[in-house]
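Undergrad: Next up is a structure, given as structure tokens.
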Amino acid sequence: MGLRKRGTQNMAKPELIAIDLDGTLLVNHYHISEENIAAIRQAVSQGILIYLVSGRAIAGMLPAADAMNLTNPLVSLNGSFIFDHIGEQTVFSHPIPRGLANNAIKIFKRKGIYLGYHANLNWYVDKDCQEMRAEGKSMGREP
């Protein structure tokens, strides 16, 4: 992720870079390479806004944001929850409507599917299982 000019062509400096975590920034879903940290810090020092954008919940994004000293709000849960982790306040929230969520929960329970969901900064699960432990490891926290 270099911020260099290609060939002889002048490229405009970006004003904002949005970066996904899993499969993009993170190595093995848990760590950021030193090369990526250096490139992102260089971008920030040049005045470029860096936003982390992920399907993860906020708790799973905080270690990456902290490792790079990022201060912009975190775009989580596929854009349905945006959180200012510095000011500790919700910027945007678009939860699943309660009736739809309750219907989904009933279906998951009836089919024996692991149920884990996030509401604001809280993480809820219906049982201790392999999926829950894997998700907890990626977020660095317990439900």
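For the structure tokens, the naming scheme is as follows: chains receive sequential letters (A, B, ...) according to their order of presentation, residues are indexed from 1 within each chain, and ligands are indexed from 1 in presentation order.
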At a cut-off of 7 Å, using only C-alpha atoms, what residues contact stretch 67-81 of chain A? Leave out same-chain residues fewer than 5 positions from it and give the result as number ranges by chain.
TA: A: 37, 41, 50-58, 86, 92-95
Undergrad: Any idea what's packed within 9 Å of A:Ala59, counting only C-alpha atoms, ignoring anything in its chain fewer than 2 positions away? Could you give it as a PyMOL selection string?
TA: chain A and resi 56-57+61-63+121-123+139-141
Undergrad: Going by DSSP on the backbone, which bits of stretch 38-105 of chain A are strand (DSSP E or B)? Write them as a list in words, please.
TA: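 In stretch 38-105 of chain A, DSSP puts these residues in strand (DSSP E or B): Leu49, Ile50, Tyr51, Leu52, Val53, Leu74, Val75, Ser76, Phe81, Ile82, Phe83, Asp84, Gln89, Thr90, Val91, Phe92 and Ser93 of chain A.
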Undergrad: Any chance you could export the current selection's all heavy atoms as a short mmCIF file (atom, residue, chain, number, x, y, z; two decimals), in the first residue's frame?
TA:
```cif
data_model
loop_
_atom_site.label_atom_id
_atom_site.label_comp_id
_atom_site.auth_asym_id
_atom_site.auth_seq_id
_atom_site.Cartn_x
_atom_site.Cartn_y
_atom_site.Cartn_z
N LEU A 49 -7.33 10.81 5.41
CA LEU A 49 -8.23 10.21 6.39
C LEU A 49 -8.31 8.71 6.14
O LEU A 49 -8.53 8.26 5.02
CB LEU A 49 -9.63 10.81 6.25
CG LEU A 49 -9.74 12.31 6.48
CD1 LEU A 49 -11.15 12.79 6.14
CD2 LEU A 49 -9.38 12.66 7.91
N ILE A 50 -8.11 7.93 7.20
CA ILE A 50 -8.16 6.47 7.10
C ILE A 50 -9.37 5.99 7.89
O ILE A 50 -9.52 6.31 9.07
CB ILE A 50 -6.89 5.81 7.67
CG1 ILE A 50 -5.64 6.32 6.96
CG2 ILE A 50 -7.00 4.29 7.61
CD1 ILE A 50 -5.50 5.92 5.52
N TYR A 51 -10.23 5.24 7.21
CA TYR A 51 -11.40 4.65 7.86
C TYR A 51 -11.32 3.14 7.75
O TYR A 51 -11.07 2.61 6.67
CB TYR A 51 -12.69 5.12 7.19
CG TYR A 51 -13.09 6.52 7.58
CD1 TYR A 51 -12.54 7.61 6.92
CD2 TYR A 51 -13.99 6.74 8.61
CE1 TYR A 51 -12.90 8.90 7.28
CE2 TYR A 51 -14.35 8.04 8.97
CZ TYR A 51 -13.79 9.10 8.30
OH TYR A 51 -14.14 10.38 8.66
N LEU A 52 -11.53 2.46 8.88
CA LEU A 52 -11.66 1.01 8.86
C LEU A 52 -13.13 0.68 8.63
O LEU A 52 -14.01 1.26 9.26
CB LEU A 52 -11.18 0.40 10.17
CG LEU A 52 -9.70 0.57 10.49
CD1 LEU A 52 -9.36 -0.12 11.79
CD2 LEU A 52 -8.84 0.06 9.36
N VAL A 53 -13.38 -0.25 7.69
CA VAL A 53 -14.74 -0.63 7.31
C VAL A 53 -14.78 -2.16 7.34
O VAL A 53 -13.95 -2.81 6.71
CB VAL A 53 -15.08 -0.11 5.90
CG1 VAL A 53 -16.49 -0.50 5.51
CG2 VAL A 53 -14.87 1.40 5.81
N LEU A 74 -15.33 4.19 13.29
CA LEU A 74 -15.21 2.85 12.72
C LEU A 74 -16.54 2.46 12.10
O LEU A 74 -17.59 2.60 12.73
CB LEU A 74 -14.83 1.84 13.81
CG LEU A 74 -13.55 2.16 14.58
CD1 LEU A 74 -13.36 1.19 15.74
CD2 LEU A 74 -12.36 2.15 13.66
N VAL A 75 -16.49 1.98 10.86
CA VAL A 75 -17.69 1.56 10.14
C VAL A 75 -17.78 0.04 10.29
O VAL A 75 -16.97 -0.69 9.72
CB VAL A 75 -17.63 1.97 8.65
CG1 VAL A 75 -18.89 1.54 7.93
CG2 VAL A 75 -17.40 3.49 8.53
N SER A 76 -18.75 -0.42 11.07
CA SER A 76 -18.82 -1.84 11.40
C SER A 76 -20.13 -2.47 10.95
O SER A 76 -21.04 -1.78 10.48
CB SER A 76 -18.65 -2.01 12.91
OG SER A 76 -19.79 -1.54 13.59
N PHE A 81 -23.54 0.06 11.61
CA PHE A 81 -23.21 0.70 12.88
C PHE A 81 -21.88 1.43 12.73
O PHE A 81 -20.87 0.82 12.38
CB PHE A 81 -23.11 -0.36 13.99
CG PHE A 81 -22.98 0.20 15.38
CD1 PHE A 81 -24.01 0.93 15.95
CD2 PHE A 81 -21.84 -0.02 16.12
CE1 PHE A 81 -23.90 1.44 17.23
CE2 PHE A 81 -21.71 0.48 17.40
CZ PHE A 81 -22.75 1.21 17.96
N ILE A 82 -21.90 2.73 12.94
CA ILE A 82 -20.69 3.55 12.87
C ILE A 82 -20.48 4.15 14.25
O ILE A 82 -21.39 4.75 14.83
CB ILE A 82 -20.82 4.65 11.80
CG1 ILE A 82 -21.09 4.00 10.43
CG2 ILE A 82 -19.55 5.50 11.76
CD1 ILE A 82 -21.39 4.99 9.33
N PHE A 83 -19.26 3.98 14.76
CA PHE A 83 -18.98 4.35 16.14
C PHE A 83 -17.72 5.18 16.24
O PHE A 83 -16.68 4.84 15.67
CB PHE A 83 -18.81 3.07 16.98
CG PHE A 83 -18.70 3.31 18.45
CD1 PHE A 83 -19.79 3.73 19.19
CD2 PHE A 83 -17.50 3.11 19.10
CE1 PHE A 83 -19.69 3.94 20.55
CE2 PHE A 83 -17.38 3.31 20.46
CZ PHE A 83 -18.47 3.73 21.20
N ASP A 84 -17.82 6.29 16.95
CA ASP A 84 -16.67 7.14 17.26
C ASP A 84 -16.03 6.55 18.51
O ASP A 84 -16.51 6.77 19.63
CB ASP A 84 -17.13 8.57 17.49
CG ASP A 84 -16.03 9.49 17.99
OD1 ASP A 84 -14.87 9.04 18.16
OD2 ASP A 84 -16.33 10.67 18.23
N GLN A 89 -19.10 7.36 21.21
CA GLN A 89 -20.51 7.60 20.92
C GLN A 89 -20.89 7.06 19.55
O GLN A 89 -20.06 7.01 18.64
CB GLN A 89 -20.86 9.07 21.04
CG GLN A 89 -20.12 9.98 20.10
CD GLN A 89 -20.44 11.44 20.38
OE1 GLN A 89 -20.88 11.81 21.47
NE2 GLN A 89 -20.24 12.28 19.41
N THR A 90 -22.14 6.69 19.43
CA THR A 90 -22.67 6.18 18.17
C THR A 90 -22.84 7.33 17.19
O THR A 90 -23.41 8.36 17.53
CB THR A 90 -24.01 5.47 18.41
OG1 THR A 90 -23.80 4.39 19.31
CG2 THR A 90 -24.60 4.96 17.11
N VAL A 91 -22.35 7.13 15.98
CA VAL A 91 -22.50 8.12 14.90
C VAL A 91 -23.72 7.76 14.06
O VAL A 91 -24.48 8.63 13.64
CB VAL A 91 -21.23 8.17 14.02
CG1 VAL A 91 -21.42 9.07 12.82
CG2 VAL A 91 -20.02 8.60 14.85
N PHE A 92 -23.89 6.46 13.81
CA PHE A 92 -25.00 5.98 12.98
C PHE A 92 -25.34 4.56 13.40
O PHE A 92 -24.44 3.76 13.68
CB PHE A 92 -24.59 6.00 11.50
CG PHE A 92 -25.59 5.38 10.58
CD1 PHE A 92 -26.69 6.10 10.15
CD2 PHE A 92 -25.44 4.07 10.14
CE1 PHE A 92 -27.63 5.53 9.29
CE2 PHE A 92 -26.37 3.49 9.27
CZ PHE A 92 -27.46 4.23 8.86
N SER A 93 -26.62 4.26 13.43
CA SER A 93 -27.05 2.90 13.75
C SER A 93 -28.31 2.58 12.96
O SER A 93 -29.27 3.36 12.94
CB SER A 93 -27.34 2.78 15.25
OG SER A 93 -27.80 1.48 15.56
#
```
Undergrad: Return the single residue from A:Glu135, A:Glu15, A:Glu35, A:Glu88 that is closest to A:Asn120, with distances computed using only C-alpha atoms.
TA: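 Among the listed residues, the smallest separation from A:Asn120 belongs to A:Glu88.
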Undergrad: Could you jot down the atom CA of A:Ile40 to atom CA of A:Gly136 separation for me, Å, one decimal place?
TA: 26.0 Å
Undergrad: Which value, in Å to one decimal, gives the distance between atom CA of A:Ser45 and atom CA of A:Asp22?
TA: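 Result for atom CA of A:Ser45 versus atom CA of A:Asp22: 24.4 Å, one decimal.
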Undergrad: So that I can check the secondary structure, give me every residue of stretch 61-112 of chain A assigned helix (DSSP H, G or I) by backbone DSSP, as a list in words.
TA: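 Assigned to helix (DSSP H, G or I), within stretch 61-112 of chain A: Met61, Leu62, Pro63, Ala64, Ala65, Asp66, Ala67, Leu77, Asn78, Gly79, Arg98, Gly99, Leu100, Ala101, Asn102, Asn103, Ala104, Ile105, Lys106, Ile107, Phe108, Lys109, Arg110 and Lys111 of chain A.
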Undergrad: Suppose we keep N, CA, C and O atoms; can you now write the selection as an mmCIF file, in the first residue's frame?
TA:
```
data_model
loop_
_atom_site.group_PDB
_atom_site.id
_atom_site.type_symbol
_atom_site.label_atom_id
_atom_site.label_comp_id
_atom_site.auth_asym_id
_atom_site.auth_seq_id
_atom_site.Cartn_x
_atom_site.Cartn_y
_atom_site.Cartn_z
ATOM 1 N N MET A 61 -12.836 -4.569 15.812
ATOM 2 C CA MET A 61 -12.100 -3.584 15.027
ATOM 3 C C MET A 61 -11.151 -2.741 15.884
ATOM 4 O O MET A 61 -10.182 -2.192 15.368
ATOM 5 N N LEU A 62 -11.446 -2.638 17.161
ATOM 6 C CA LEU A 62 -10.656 -1.768 18.040
ATOM 7 C C LEU A 62 -9.168 -2.095 18.083
ATOM 8 O O LEU A 62 -8.348 -1.177 18.034
ATOM 9 N N PRO A 63 -8.767 -3.377 18.156
ATOM 10 C CA PRO A 63 -7.324 -3.645 18.189
ATOM 11 C C PRO A 63 -6.591 -3.087 16.968
ATOM 12 O O PRO A 63 -5.494 -2.547 17.089
ATOM 13 N N ALA A 64 -7.196 -3.207 15.794
ATOM 14 C CA ALA A 64 -6.559 -2.690 14.573
ATOM 15 C C ALA A 64 -6.500 -1.173 14.611
ATOM 16 O O ALA A 64 -5.470 -0.567 14.281
ATOM 17 N N ALA A 65 -7.587 -0.521 15.009
ATOM 18 C CA ALA A 65 -7.613 0.946 15.089
ATOM 19 C C ALA A 65 -6.574 1.434 16.096
ATOM 20 O O ALA A 65 -5.848 2.403 15.834
ATOM 21 N N ASP A 66 -6.474 0.752 17.224
ATOM 22 C CA ASP A 66 -5.503 1.146 18.258
ATOM 23 C C ASP A 66 -4.066 0.936 17.790
ATOM 24 O O ASP A 66 -3.196 1.765 18.059
ATOM 25 N N ALA A 67 -3.815 -0.157 17.070
ATOM 26 C CA ALA A 67 -2.451 -0.455 16.605
ATOM 27 C C ALA A 67 -1.927 0.625 15.672
ATOM 28 O O ALA A 67 -0.727 0.853 15.583
ATOM 29 N N LEU A 77 -20.183 -3.788 11.151
ATOM 30 C CA LEU A 77 -21.376 -4.569 10.853
ATOM 31 C C LEU A 77 -21.934 -4.237 9.471
ATOM 32 O O LEU A 77 -23.111 -3.978 9.284
ATOM 33 N N ASN A 78 -21.010 -4.232 8.496
ATOM 34 C CA ASN A 78 -21.350 -3.981 7.090
ATOM 35 C C ASN A 78 -22.026 -2.633 6.880
ATOM 36 O O ASN A 78 -22.903 -2.495 6.034
ATOM 37 N N GLY A 79 -21.624 -1.642 7.655
ATOM 38 C CA GLY A 79 -22.142 -0.285 7.495
ATOM 39 C C GLY A 79 -23.365 0.027 8.334
ATOM 40 O O GLY A 79 -23.833 1.163 8.334
ATOM 41 N N ARG A 98 -36.979 -5.025 15.228
ATOM 42 C CA ARG A 98 -37.173 -5.993 16.317
ATOM 43 C C ARG A 98 -37.993 -7.218 15.876
ATOM 44 O O ARG A 98 -37.626 -8.351 16.169
ATOM 45 N N GLY A 99 -39.090 -7.020 15.177
ATOM 46 C CA GLY A 99 -39.923 -8.149 14.757
ATOM 47 C C GLY A 99 -39.177 -9.096 13.845
ATOM 48 O O GLY A 99 -39.265 -10.327 13.991
ATOM 49 N N LEU A 100 -38.441 -8.559 12.899
ATOM 50 C CA LEU A 100 -37.655 -9.376 11.983
ATOM 51 C C LEU A 100 -36.558 -10.126 12.744
ATOM 52 O O LEU A 100 -36.321 -11.316 12.502
ATOM 53 N N ALA A 101 -35.900 -9.440 13.667
ATOM 54 C CA ALA A 101 -34.853 -10.077 14.476
ATOM 55 C C ALA A 101 -35.443 -11.215 15.313
ATOM 56 O O ALA A 101 -34.861 -12.304 15.389
ATOM 57 N N ASN A 102 -36.594 -10.988 15.933
ATOM 58 C CA ASN A 102 -37.225 -12.033 16.746
ATOM 59 C C ASN A 102 -37.596 -13.248 15.901
ATOM 60 O O ASN A 102 -37.431 -14.385 16.341
ATOM 61 N N ASN A 103 -38.104 -13.014 14.692
ATOM 62 C CA ASN A 103 -38.434 -14.135 13.794
ATOM 63 C C ASN A 103 -37.180 -14.914 13.421
ATOM 64 O O ASN A 103 -37.195 -16.147 13.393
ATOM 65 N N ALA A 104 -36.098 -14.211 13.117
ATOM 66 C CA ALA A 104 -34.836 -14.875 12.768
ATOM 67 C C ALA A 104 -34.329 -15.704 13.948
ATOM 68 O O ALA A 104 -33.887 -16.843 13.773
ATOM 69 N N ILE A 105 -34.404 -15.150 15.149
ATOM 70 C CA ILE A 105 -33.953 -15.871 16.348
ATOM 71 C C ILE A 105 -34.740 -17.168 16.512
ATOM 72 O O ILE A 105 -34.171 -18.230 16.789
ATOM 73 N N LYS A 106 -36.048 -17.115 16.339
ATOM 74 C CA LYS A 106 -36.884 -18.322 16.467
ATOM 75 C C LYS A 106 -36.473 -19.387 15.439
ATOM 76 O O LYS A 106 -36.370 -20.567 15.773
ATOM 77 N N ILE A 107 -36.231 -18.958 14.211
ATOM 78 C CA ILE A 107 -35.821 -19.902 13.159
ATOM 79 C C ILE A 107 -34.461 -20.516 13.492
ATOM 80 O O ILE A 107 -34.271 -21.728 13.388
ATOM 81 N N PHE A 108 -33.483 -19.682 13.906
ATOM 82 C CA PHE A 108 -32.152 -20.191 14.241
ATOM 83 C C PHE A 108 -32.234 -21.211 15.373
ATOM 84 O O PHE A 108 -31.616 -22.269 15.310
ATOM 85 N N LYS A 109 -33.006 -20.893 16.409
ATOM 86 C CA LYS A 109 -33.117 -21.805 17.551
ATOM 87 C C LYS A 109 -33.789 -23.109 17.139
ATOM 88 O O LYS A 109 -33.354 -24.185 17.548
ATOM 89 N N ARG A 110 -34.829 -23.019 16.333
ATOM 90 C CA ARG A 110 -35.547 -24.215 15.887
ATOM 91 C C ARG A 110 -34.631 -25.123 15.068
ATOM 92 O O ARG A 110 -34.702 -26.342 15.145
ATOM 93 N N LYS A 111 -33.726 -24.544 14.303
ATOM 94 C CA LYS A 111 -32.821 -25.323 13.448
ATOM 95 C C LYS A 111 -31.502 -25.648 14.141
ATOM 96 O O LYS A 111 -30.624 -26.263 13.548
#
```
Undergrad: Would you work out the distance separating atom CA of A:Ala43 from atom CA of A:Ala12, expressed in Å to one decimal?
TA: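 These atoms are spaced 13.2 Å apart.
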